[in-house]
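What follows is the content of input-v2.pdb, which has PDB, C-alpha atoms:
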```pdb
ATOM      1  CA  MET H1493      33.485 134.923  89.296
ATOM      2  CA  THR H1494      32.384 138.340  90.507
ATOM      3  CA  SER H1495      31.347 138.304  94.149
ATOM      4  CA  LEU H1496      28.180 140.255  94.973
ATOM      5  CA  SER H1497      26.913 141.669  98.247
ATOM      6  CA  TYR H1498      23.273 141.321  99.211
ATOM      7  CA  THR H1499      20.730 142.841 101.538
ATOM      8  CA  LEU H1500      17.860 140.409 102.117
ATOM      9  CA  VAL H1501      14.452 141.818 103.045
ATOM     10  CA  ILE H1502      11.855 139.369 104.367
ATOM     11  CA  THR H1503       8.273 140.653 104.523
ATOM     12  CA  GLY H1504       6.366 137.366 104.688
ATOM     13  CA  ALA H1505       5.641 135.740 108.058
ATOM     14  CA  PRO H1506       6.564 132.167 108.952
ATOM     15  CA  TRP H1507       3.609 129.763 108.789
ATOM     16  CA  ALA H1508       1.626 132.298 106.787
ATOM     17  CA  SER H1509       3.985 132.361 103.811
ATOM     18  CA  GLN H1510       6.940 130.569 102.272
ATOM     19  CA  ALA H1511       9.079 133.735 102.417
ATOM     20  CA  PRO H1512      11.355 132.828 105.381
ATOM     21  CA  GLN H1513      12.125 129.364 103.957
ATOM     22  CA  SER H1514      12.828 130.691 100.458
ATOM     23  CA  ALA H1515      15.033 133.401 101.909
ATOM     24  CA  LEU H1516      16.972 130.894 104.024
ATOM     25  CA  SER H1517      17.559 128.582 101.071
ATOM     26  CA  PHE H1518      18.730 131.534  99.014
ATOM     27  CA  ALA H1519      20.991 132.807 101.808
ATOM     28  CA  ARG H1520      22.676 129.414 102.267
ATOM     29  CA  GLU H1521      23.341 129.017  98.541
ATOM     30  CA  THR H1522      24.504 132.606  98.206
ATOM     31  CA  LEU H1523      27.208 132.166 100.834
ATOM     32  CA  ALA H1524      28.114 128.739  99.455
ATOM     33  CA  ALA H1525      28.642 130.338  96.045
ATOM     34  CA  GLY H1526      31.102 132.845  97.520
ATOM     35  CA  HIS H1527      28.837 135.875  97.680
ATOM     36  CA  GLN H1528      28.312 138.055 100.704
ATOM     37  CA  ILE H1529      25.253 138.972 102.775
ATOM     38  CA  ASP H1530      25.563 142.476 104.223
ATOM     39  CA  ARG H1531      22.427 142.326 106.322
ATOM     40  CA  VAL H1532      18.999 140.788 106.763
ATOM     41  CA  PHE H1533      16.089 143.145 107.349
ATOM     42  CA  LEU H1534      12.674 141.946 108.547
ATOM     43  CA  TYR H1535       9.791 144.167 107.551
ATOM     44  CA  GLY H1536       6.007 143.992 107.796
ATOM     45  CA  ASP H1537       4.762 140.517 108.748
ATOM     46  CA  GLY H1538       8.351 139.290 108.328
ATOM     47  CA  VAL H1539       9.168 140.552 111.849
ATOM     48  CA  LEU H1540       7.314 137.524 113.255
ATOM     49  CA  LEU H1541      10.370 135.517 112.244
ATOM     50  CA  ALA H1542      12.138 137.239 115.149
ATOM     51  CA  SER H1543       9.696 136.182 117.860
ATOM     52  CA  ALA H1544      11.377 134.050 120.506
ATOM     53  CA  LEU H1545       7.965 132.755 121.538
ATOM     54  CA  ALA H1546       7.013 130.940 118.328
ATOM     55  CA  THR H1547       6.449 127.311 119.254
ATOM     56  CA  PRO H1548       5.570 125.063 116.337
ATOM     57  CA  PRO H1549       4.814 121.357 116.905
ATOM     58  CA  SER H1550       8.053 119.454 117.505
ATOM     59  CA  ASP H1551       7.863 117.581 114.180
ATOM     60  CA  GLU H1552       7.797 120.823 112.157
ATOM     61  CA  PRO H1553      10.793 122.961 111.176
ATOM     62  CA  HIS H1554      11.301 125.849 113.578
ATOM     63  CA  TRP H1555      11.927 128.684 111.113
ATOM     64  CA  PRO H1556      12.761 131.392 113.667
ATOM     65  CA  ARG H1557      15.409 129.149 115.284
ATOM     66  CA  LEU H1558      16.770 127.921 111.962
ATOM     67  CA  TRP H1559      17.164 131.496 110.751
ATOM     68  CA  ALA H1560      18.660 132.700 114.045
ATOM     69  CA  GLY H1561      21.108 129.787 113.986
ATOM     70  CA  PHE H1562      22.157 130.629 110.435
ATOM     71  CA  LEU H1563      22.663 134.303 111.325
ATOM     72  CA  GLY H1564      24.739 133.405 114.371
ATOM     73  CA  GLN H1565      26.835 130.828 112.555
ATOM     74  CA  HIS H1566      27.814 133.326 109.849
ATOM     75  CA  GLN H1567      27.865 136.415 112.088
ATOM     76  CA  LEU H1568      25.380 138.232 109.861
ATOM     77  CA  PRO H1569      23.794 141.501 111.028
ATOM     78  CA  ALA H1570      20.011 141.239 111.215
ATOM     79  CA  ALA H1571      17.423 143.842 112.167
ATOM     80  CA  VAL H1572      13.663 144.094 112.492
ATOM     81  CA  CYS H1573      11.837 147.286 111.550
ATOM     82  CA  ILE H1574      10.762 149.037 114.731
ATOM     83  CA  ALA H1575       7.366 150.219 113.441
ATOM     84  CA  SER H1576       6.491 146.792 112.028
ATOM     85  CA  ALA H1577       7.733 145.029 115.157
ATOM     86  CA  LEU H1578       5.944 147.164 117.752
ATOM     87  CA  ARG H1579       2.611 146.817 115.926
ATOM     88  CA  ARG H1580       2.959 143.044 115.849
ATOM     89  CA  GLY H1581       4.220 142.511 119.370
ATOM     90  CA  VAL H1582       7.891 141.833 118.683
ATOM     91  CA  ILE H1583       9.574 143.684 121.527
ATOM     92  CA  ASP H1584      13.103 144.071 122.870
ATOM     93  CA  ASP H1585      14.007 145.072 126.438
ATOM     94  CA  THR H1586      14.322 148.763 125.606
ATOM     95  CA  GLU H1587      10.840 148.917 124.090
ATOM     96  CA  ARG H1588       9.407 146.765 126.872
ATOM     97  CA  ALA H1589      10.625 149.353 129.363
ATOM     98  CA  ARG H1590       9.579 152.332 127.234
ATOM     99  CA  TYR H1591       5.997 151.127 126.786
ATOM    100  CA  GLU H1592       5.823 149.397 130.171
ATOM    101  CA  LEU H1593       4.961 146.038 128.600
ATOM    102  CA  PRO H1594       4.791 142.760 130.549
ATOM    103  CA  ALA H1595       7.464 140.964 128.501
ATOM    104  CA  SER H1596       9.941 141.133 125.653
ATOM    105  CA  ASN H1597      10.439 138.465 122.997
ATOM    106  CA  LEU H1598      13.009 139.585 120.439
ATOM    107  CA  LEU H1599      15.051 136.583 119.375
ATOM    108  CA  ALA H1600      18.868 136.923 119.340
ATOM    109  CA  PRO H1601      20.780 137.998 117.284
ATOM    110  CA  TYR H1602      18.188 140.411 115.859
ATOM    111  CA  SER H1603      18.216 144.061 116.814
ATOM    112  CA  ILE H1604      15.416 146.590 116.447
ATOM    113  CA  ALA H1605      16.163 149.345 113.933
ATOM    114  CA  GLY H1606      14.501 151.954 111.785
ATOM    115  CA  LEU H1607      13.939 151.907 108.058
ATOM    116  CA  GLY H1608      17.220 153.829 107.774
ATOM    117  CA  GLU H1609      18.888 150.433 108.085
ATOM    118  CA  TRP H1610      17.028 149.319 104.960
ATOM    119  CA  VAL H1611      17.923 152.553 103.147
ATOM    120  CA  GLU H1612      21.576 151.906 103.987
ATOM    121  CA  GLY H1613      21.270 148.411 102.564
ATOM    122  CA  ASN H1614      19.963 149.941  99.351
ATOM    123  CA  LEU H1615      22.993 152.184  99.150
ATOM    124  CA  LYS H1616      25.696 149.710 100.156
ATOM    125  CA  SER H1617      24.720 146.324  98.770
ATOM    126  CA  ASP H1618      25.066 145.344  95.132
ATOM    127  CA  ARG H1619      21.615 143.763  95.292
ATOM    128  CA  VAL H1620      18.565 144.080  97.536
ATOM    129  CA  LEU H1621      16.352 141.024  97.364
ATOM    130  CA  TYR H1622      12.785 140.815  98.705
ATOM    131  CA  PHE H1623      10.999 137.751 100.020
ATOM    132  CA  HIS H1624       7.311 138.600 100.161
ATOM    133  CA  GLY H1625       4.312 136.734 101.492
ATOM    134  CA  SER H1626       1.474 135.961  99.145
ATOM    135  CA  ASN H1627      -1.248 138.459  99.889
TER     136      ASN H1627
ATOM    137  CA  MET R1371      20.055 156.161  93.412
ATOM    138  CA  ARG R1372      16.461 156.672  92.226
ATOM    139  CA  THR R1373      13.877 154.235  93.571
ATOM    140  CA  LEU R1374      10.351 153.531  92.383
ATOM    141  CA  VAL R1375       8.081 151.898  94.956
ATOM    142  CA  VAL R1376       5.178 150.028  93.362
ATOM    143  CA  VAL R1377       1.866 149.495  95.145
ATOM    144  CA  ASP R1378      -0.169 146.880  93.302
ATOM    145  CA  GLN R1379      -2.650 145.858  95.980
ATOM    146  CA  ALA R1380      -5.973 147.422  96.883
ATOM    147  CA  PRO R1381      -6.109 149.669  99.951
ATOM    148  CA  TYR R1382      -7.454 148.701 103.401
ATOM    149  CA  GLY R1383      -7.477 144.907 102.914
ATOM    150  CA  ASN R1384      -3.928 144.495 104.209
ATOM    151  CA  TRP R1385      -1.041 146.514 105.564
ATOM    152  CA  THR R1386       1.529 146.148 102.807
ATOM    153  CA  GLY R1387       0.598 149.347 100.987
ATOM    154  CA  ARG R1388       0.897 151.426 104.141
ATOM    155  CA  GLU R1389       4.274 149.901 104.845
ATOM    156  CA  ALA R1390       5.334 150.653 101.263
ATOM    157  CA  LEU R1391       4.428 154.261 101.905
ATOM    158  CA  ASP R1392       6.691 154.259 104.983
ATOM    159  CA  MET R1393       9.484 152.891 102.805
ATOM    160  CA  VAL R1394       9.173 155.654 100.248
ATOM    161  CA  PHE R1395       8.988 158.355 102.943
ATOM    162  CA  SER R1396      12.035 156.856 104.600
ATOM    163  CA  LEU R1397      14.067 156.969 101.381
ATOM    164  CA  ALA R1398      13.120 160.616 100.998
ATOM    165  CA  ALA R1399      14.080 161.322 104.626
ATOM    166  CA  PHE R1400      17.574 160.042 103.829
ATOM    167  CA  ASP R1401      17.729 162.240 100.720
ATOM    168  CA  GLN R1402      17.275 159.366  98.302
ATOM    169  CA  PRO R1403      15.016 160.278  95.377
ATOM    170  CA  ALA R1404      11.912 158.102  95.529
ATOM    171  CA  ALA R1405       8.586 157.917  93.744
ATOM    172  CA  LEU R1406       5.380 155.892  93.978
ATOM    173  CA  LEU R1407       3.606 153.985  91.247
ATOM    174  CA  PHE R1408       0.089 152.639  91.743
ATOM    175  CA  LEU R1409      -0.708 149.720  89.543
ATOM    176  CA  GLY R1410      -3.528 147.177  89.082
ATOM    177  CA  THR R1411      -5.972 147.174  92.009
ATOM    178  CA  GLY R1412      -3.477 149.496  93.751
ATOM    179  CA  VAL R1413      -4.895 152.476  91.827
ATOM    180  CA  ASN R1414      -7.873 152.401  94.199
ATOM    181  CA  TRP R1415      -5.539 154.026  96.731
ATOM    182  CA  LEU R1416      -5.952 157.185  94.695
ATOM    183  CA  ARG R1417      -9.735 157.341  94.726
ATOM    184  CA  ALA R1418     -10.940 160.740  95.961
ATOM    185  CA  GLY R1419     -13.335 160.950  98.902
ATOM    186  CA  GLN R1420     -12.215 157.943 100.962
ATOM    187  CA  ASN R1421     -14.025 157.533 104.265
ATOM    188  CA  PRO R1422     -12.591 154.519 106.139
ATOM    189  CA  GLU R1423     -13.440 155.576 109.710
ATOM    190  CA  ALA R1424     -16.286 153.057 109.780
ATOM    191  CA  ILE R1425     -13.789 150.186 109.402
ATOM    192  CA  GLY R1426     -11.430 151.615 112.003
ATOM    193  CA  GLN R1427      -8.664 152.713 109.668
ATOM    194  CA  LYS R1428      -7.004 156.013 108.942
ATOM    195  CA  SER R1429      -7.547 157.549 105.525
ATOM    196  CA  LEU R1430      -4.871 156.581 103.043
ATOM    197  CA  GLU R1431      -5.885 159.564 100.986
ATOM    198  CA  LYS R1432      -4.690 161.782 103.854
ATOM    199  CA  ASN R1433      -1.461 159.778 104.200
ATOM    200  CA  LEU R1434      -0.811 160.252 100.501
ATOM    201  CA  ALA R1435      -1.634 163.939 100.659
ATOM    202  CA  ALA R1436       1.298 164.280 103.075
ATOM    203  CA  ALA R1437       3.746 162.830 100.547
ATOM    204  CA  PRO R1438       5.067 166.199  99.283
ATOM    205  CA  VAL R1439       5.737 167.241 102.891
ATOM    206  CA  PHE R1440       7.985 164.179 103.241
ATOM    207  CA  GLY R1441       9.771 165.031 100.009
ATOM    208  CA  VAL R1442       7.945 162.599  97.725
ATOM    209  CA  SER R1443       6.467 164.622  94.885
ATOM    210  CA  ASP R1444       6.345 162.064  92.086
ATOM    211  CA  ILE R1445       3.211 159.929  92.321
ATOM    212  CA  TYR R1446       2.199 157.920  89.289
ATOM    213  CA  ALA R1447      -0.813 155.817  88.401
ATOM    214  CA  CYS R1448      -0.983 153.303  85.585
ATOM    215  CA  GLU R1449      -3.444 154.766  83.104
ATOM    216  CA  THR R1450      -4.685 151.373  81.892
ATOM    217  CA  SER R1451      -5.385 150.262  85.481
ATOM    218  CA  CYS R1452      -7.257 153.506  86.188
ATOM    219  CA  ARG R1453      -9.446 152.948  83.166
ATOM    220  CA  ARG R1454     -10.106 149.374  84.288
ATOM    221  CA  PHE R1455     -11.383 150.626  87.649
ATOM    222  CA  GLY R1456     -13.369 153.522  86.218
ATOM    223  CA  LEU R1457     -11.027 156.181  87.575
ATOM    224  CA  ASP R1458     -10.610 159.322  85.537
ATOM    225  CA  ALA R1459      -8.653 162.494  86.334
ATOM    226  CA  ALA R1460     -11.628 163.949  88.221
ATOM    227  CA  GLY R1461     -11.914 160.900  90.478
ATOM    228  CA  LEU R1462      -8.241 160.876  91.440
ATOM    229  CA  ALA R1463      -7.088 162.390  94.717
ATOM    230  CA  GLY R1464      -4.096 164.697  94.916
ATOM    231  CA  ASN R1465      -1.457 165.415  92.355
ATOM    232  CA  VAL R1466      -1.107 162.199  90.376
ATOM    233  CA  THR R1467       0.549 161.754  87.011
ATOM    234  CA  LEU R1468      -0.969 159.123  84.726
ATOM    235  CA  ALA R1469       1.635 156.788  83.249
ATOM    236  CA  GLN R1470       0.801 155.568  79.762
ATOM    237  CA  SER R1471       3.671 153.099  79.752
ATOM    238  CA  VAL R1472       4.640 151.429  83.025
ATOM    239  CA  LEU R1473       7.664 149.893  81.343
ATOM    240  CA  ALA R1474       8.952 153.256  80.151
ATOM    241  CA  LEU R1475       8.482 154.692  83.656
ATOM    242  CA  ILE R1476      10.216 151.782  85.393
ATOM    243  CA  ASN R1477      13.151 152.095  83.029
ATOM    244  CA  THR R1478      13.867 155.613  84.278
ATOM    245  CA  TYR R1479      14.591 154.318  87.827
ATOM    246  CA  ASP R1480      17.697 152.602  89.197
ATOM    247  CA  GLN R1481      15.658 150.196  91.275
ATOM    248  CA  VAL R1482      12.053 149.131  91.638
ATOM    249  CA  VAL R1483      10.584 147.839  94.888
ATOM    250  CA  PHE R1484       7.262 146.036  95.198
ATOM    251  CA  ALA R1485       5.284 146.565  98.376
ATOM    252  CA  GLY R1486       4.738 142.886  99.048
TER     253      GLY R1486
END
```
Using the file provided, produce a representation of the structure as structure tokens.
Amino acid sequence: MTSLSYTLVITGAPWASQAPQSALSFARETLAAGHQIDRVFLYGDGVLLASALATPPSDEPHWPRLWAGFLGQHQLPAAVCIASALRRGVIDDTERARYELPASNLLAPYSIAGLGEWVEGNLKSDRVLYFHGSN
Amino acid sequence: MRTLVVVDQAPYGNWTGREALDMVFSLAAFDQPAALLFLGTGVNWLRAGQNPEAIGQKSLEKNLAAAPVFGVSDIYACETSCRRFGLDAAGLAGNVTLAQSVLALINTYDQVVFAG
């Protein structure tokens, strides 16, 4: 079997779309099938998946934590788009200081990056797969 | 690697089209050939004379006009969609090429990205 490398782009928000769940199911099966995930890039509303402050009721799946756990377990690089994140209030310590904000909330292991990270994914991965919300 | 970014949603109702524009500009900034295709209700992006100040948004027409500055010179609109929305050449903003066959256009690109 030929092994493929993937960049996954998630643009749908948790609890507003199915995108994060679909992406997680795909990511698990992809690794299980012997393929590789180069990076995960959150864009648009998808950046809300990287909020450390999301607090769903305790009997509901916690998609941000499930995703973060999966990324950590497999040591996968994951970034949120800086422009998307700042607009939607997903902030790391650097941006908190830069804009003198009262708090930061970027969930580990995500980092904040520019769209260049996505461009690089386009160039390096065999496939770039998008998980959109349903606007 | 040549990329075609497709915008198939009407302007102003959500942010996905704007973010698609950022994607195409970003590809161009990294010297990756990129083009835009407006399709379905997305062709309304190209309507001349947009005046969205009253709803607190910036003009997408102006954003699009900046495309050549960012290195994106190929902007296409699906001809069938334009006809559906009553848009003719005179009603289109900027330098837009009408695509008679979306399939033929898509086939000339290495990858196609939908805005969301």
Give me, as a Markdown table, the closest atom pair and its distance (Å, one decimal) for every residue of chain R within a cut-off of 8 Å of chain H, counting only C-alpha atoms, rows sorted by chain and rising number.
```
| residue | atom | partner | partner_atom | distance |
| --- | --- | --- | --- | --- |
| R:Met1371 | CA | H:Leu1615 | CA | 7.6 |
| R:Asn1384 | CA | H:Asn1627 | CA | 7.9 |
| R:Trp1385 | CA | H:Gly1536 | CA | 7.8 |
| R:Thr1386 | CA | H:Gly1536 | CA | 7.0 |
| R:Glu1389 | CA | H:Gly1536 | CA | 6.8 |
| R:Met1393 | CA | H:Leu1607 | CA | 7.0 |
| R:Ser1396 | CA | H:Leu1607 | CA | 6.3 |
| R:Leu1397 | CA | H:Val1611 | CA | 6.1 |
| R:Phe1400 | CA | H:Gly1608 | CA | 7.4 |
| R:Gly1486 | CA | H:His1624 | CA | 5.1 |
```
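Proximity of R:Trp1415, R:Phe1484, R:Tyr1382, R:Phe1440 to Phe1455 (chain R), computed with all atoms listed in the file, is greatest for R:Trp1415.
Picked by the PyMOL selection byres ((chain R and resi 1431) around 8) from the coordinates shown: R:Trp1415, R:Leu1416, R:Arg1417, R:Ala1418, R:Gly1419, R:Gln1420, R:Ser1429, R:Leu1430, R:Lys1432, R:Asn1433, R:Leu1434, R:Ala1435, R:Ala1463.
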**Non-local contacts of region 1475-1478 of chain R (10 Å; only C-alpha atoms; under 3 positions in same chain excluded) as an NGL selection string** = :R and (1372-1376 or 1407 or 1446 or 1448 or 1469-1472 or 1481-1482)
Per-axis box centre and lengths in Å around region 1407-1424 of chain R, 4 Å margin per side, axis-aligned, as JSON:
```
{"center_x": -6.3, "center_y": 154.1, "center_z": 99.4, "size_x": 27.9, "size_y": 21.8, "size_z": 28.7}
```
**Prompt:** Which is closest to Asp1530 (chain H) among H:Pro1548, H:Pro1601, H:Gly1581, H:Pro1569, if we use all atoms listed in the file?
**Reply:** H:Pro1569
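Applied to the shown file, the PyMOL selection byres ((chain H and resi 1512) around 8) selects the residues Ile1502, Gly1504, Ala1505, Pro1506, Ser1509, Gln1510, Ala1511, Gln1513, Ser1514, Ala1515, Leu1516, Gly1538, Leu1541, Trp1555 and Phe1623 of chain H.
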Could you add N, CA and C atoms to region 1507-1520 of chain H and give me the result as a CSV table (one decimal), in the coordinates of the input?
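Output below, filename rebuild06.csv:
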```
chain,number,residue,atom,x,y,z
H,1507,TRP,N,4.9,130.5,108.6
H,1507,TRP,CA,3.6,129.8,108.8
H,1507,TRP,C,2.4,130.5,108.1
H,1508,ALA,N,2.7,131.7,107.6
H,1508,ALA,CA,1.6,132.3,106.8
H,1508,ALA,C,2.1,132.4,105.3
H,1509,SER,N,3.4,132.3,105.2
H,1509,SER,CA,4.0,132.4,103.8
H,1509,SER,C,5.2,131.5,103.7
H,1510,GLN,N,5.7,131.4,102.5
H,1510,GLN,CA,6.9,130.6,102.3
H,1510,GLN,C,8.2,131.5,102.3
H,1511,ALA,N,8.0,132.8,102.5
H,1511,ALA,CA,9.1,133.7,102.4
H,1511,ALA,C,10.3,133.4,103.3
H,1512,PRO,N,10.2,133.1,104.6
H,1512,PRO,CA,11.4,132.8,105.4
H,1512,PRO,C,12.1,131.6,104.9
H,1513,GLN,N,11.4,130.6,104.5
H,1513,GLN,CA,12.1,129.4,104.0
H,1513,GLN,C,12.9,129.7,102.7
H,1514,SER,N,12.2,130.4,101.7
H,1514,SER,CA,12.8,130.7,100.5
H,1514,SER,C,14.1,131.5,100.7
H,1515,ALA,N,13.9,132.5,101.6
H,1515,ALA,CA,15.0,133.4,101.9
H,1515,ALA,C,16.2,132.6,102.5
H,1516,LEU,N,15.9,131.7,103.4
H,1516,LEU,CA,17.0,130.9,104.0
H,1516,LEU,C,17.7,130.0,103.0
H,1517,SER,N,16.9,129.4,102.1
H,1517,SER,CA,17.6,128.6,101.1
H,1517,SER,C,18.5,129.5,100.2
H,1518,PHE,N,17.9,130.6,99.8
H,1518,PHE,CA,18.7,131.5,99.0
H,1518,PHE,C,20.0,132.0,99.7
H,1519,ALA,N,19.8,132.3,101.0
H,1519,ALA,CA,21.0,132.8,101.8
H,1519,ALA,C,22.1,131.7,101.9
H,1520,ARG,N,21.7,130.5,102.2
H,1520,ARG,CA,22.7,129.4,102.3
H,1520,ARG,C,23.4,129.2,101.0
```
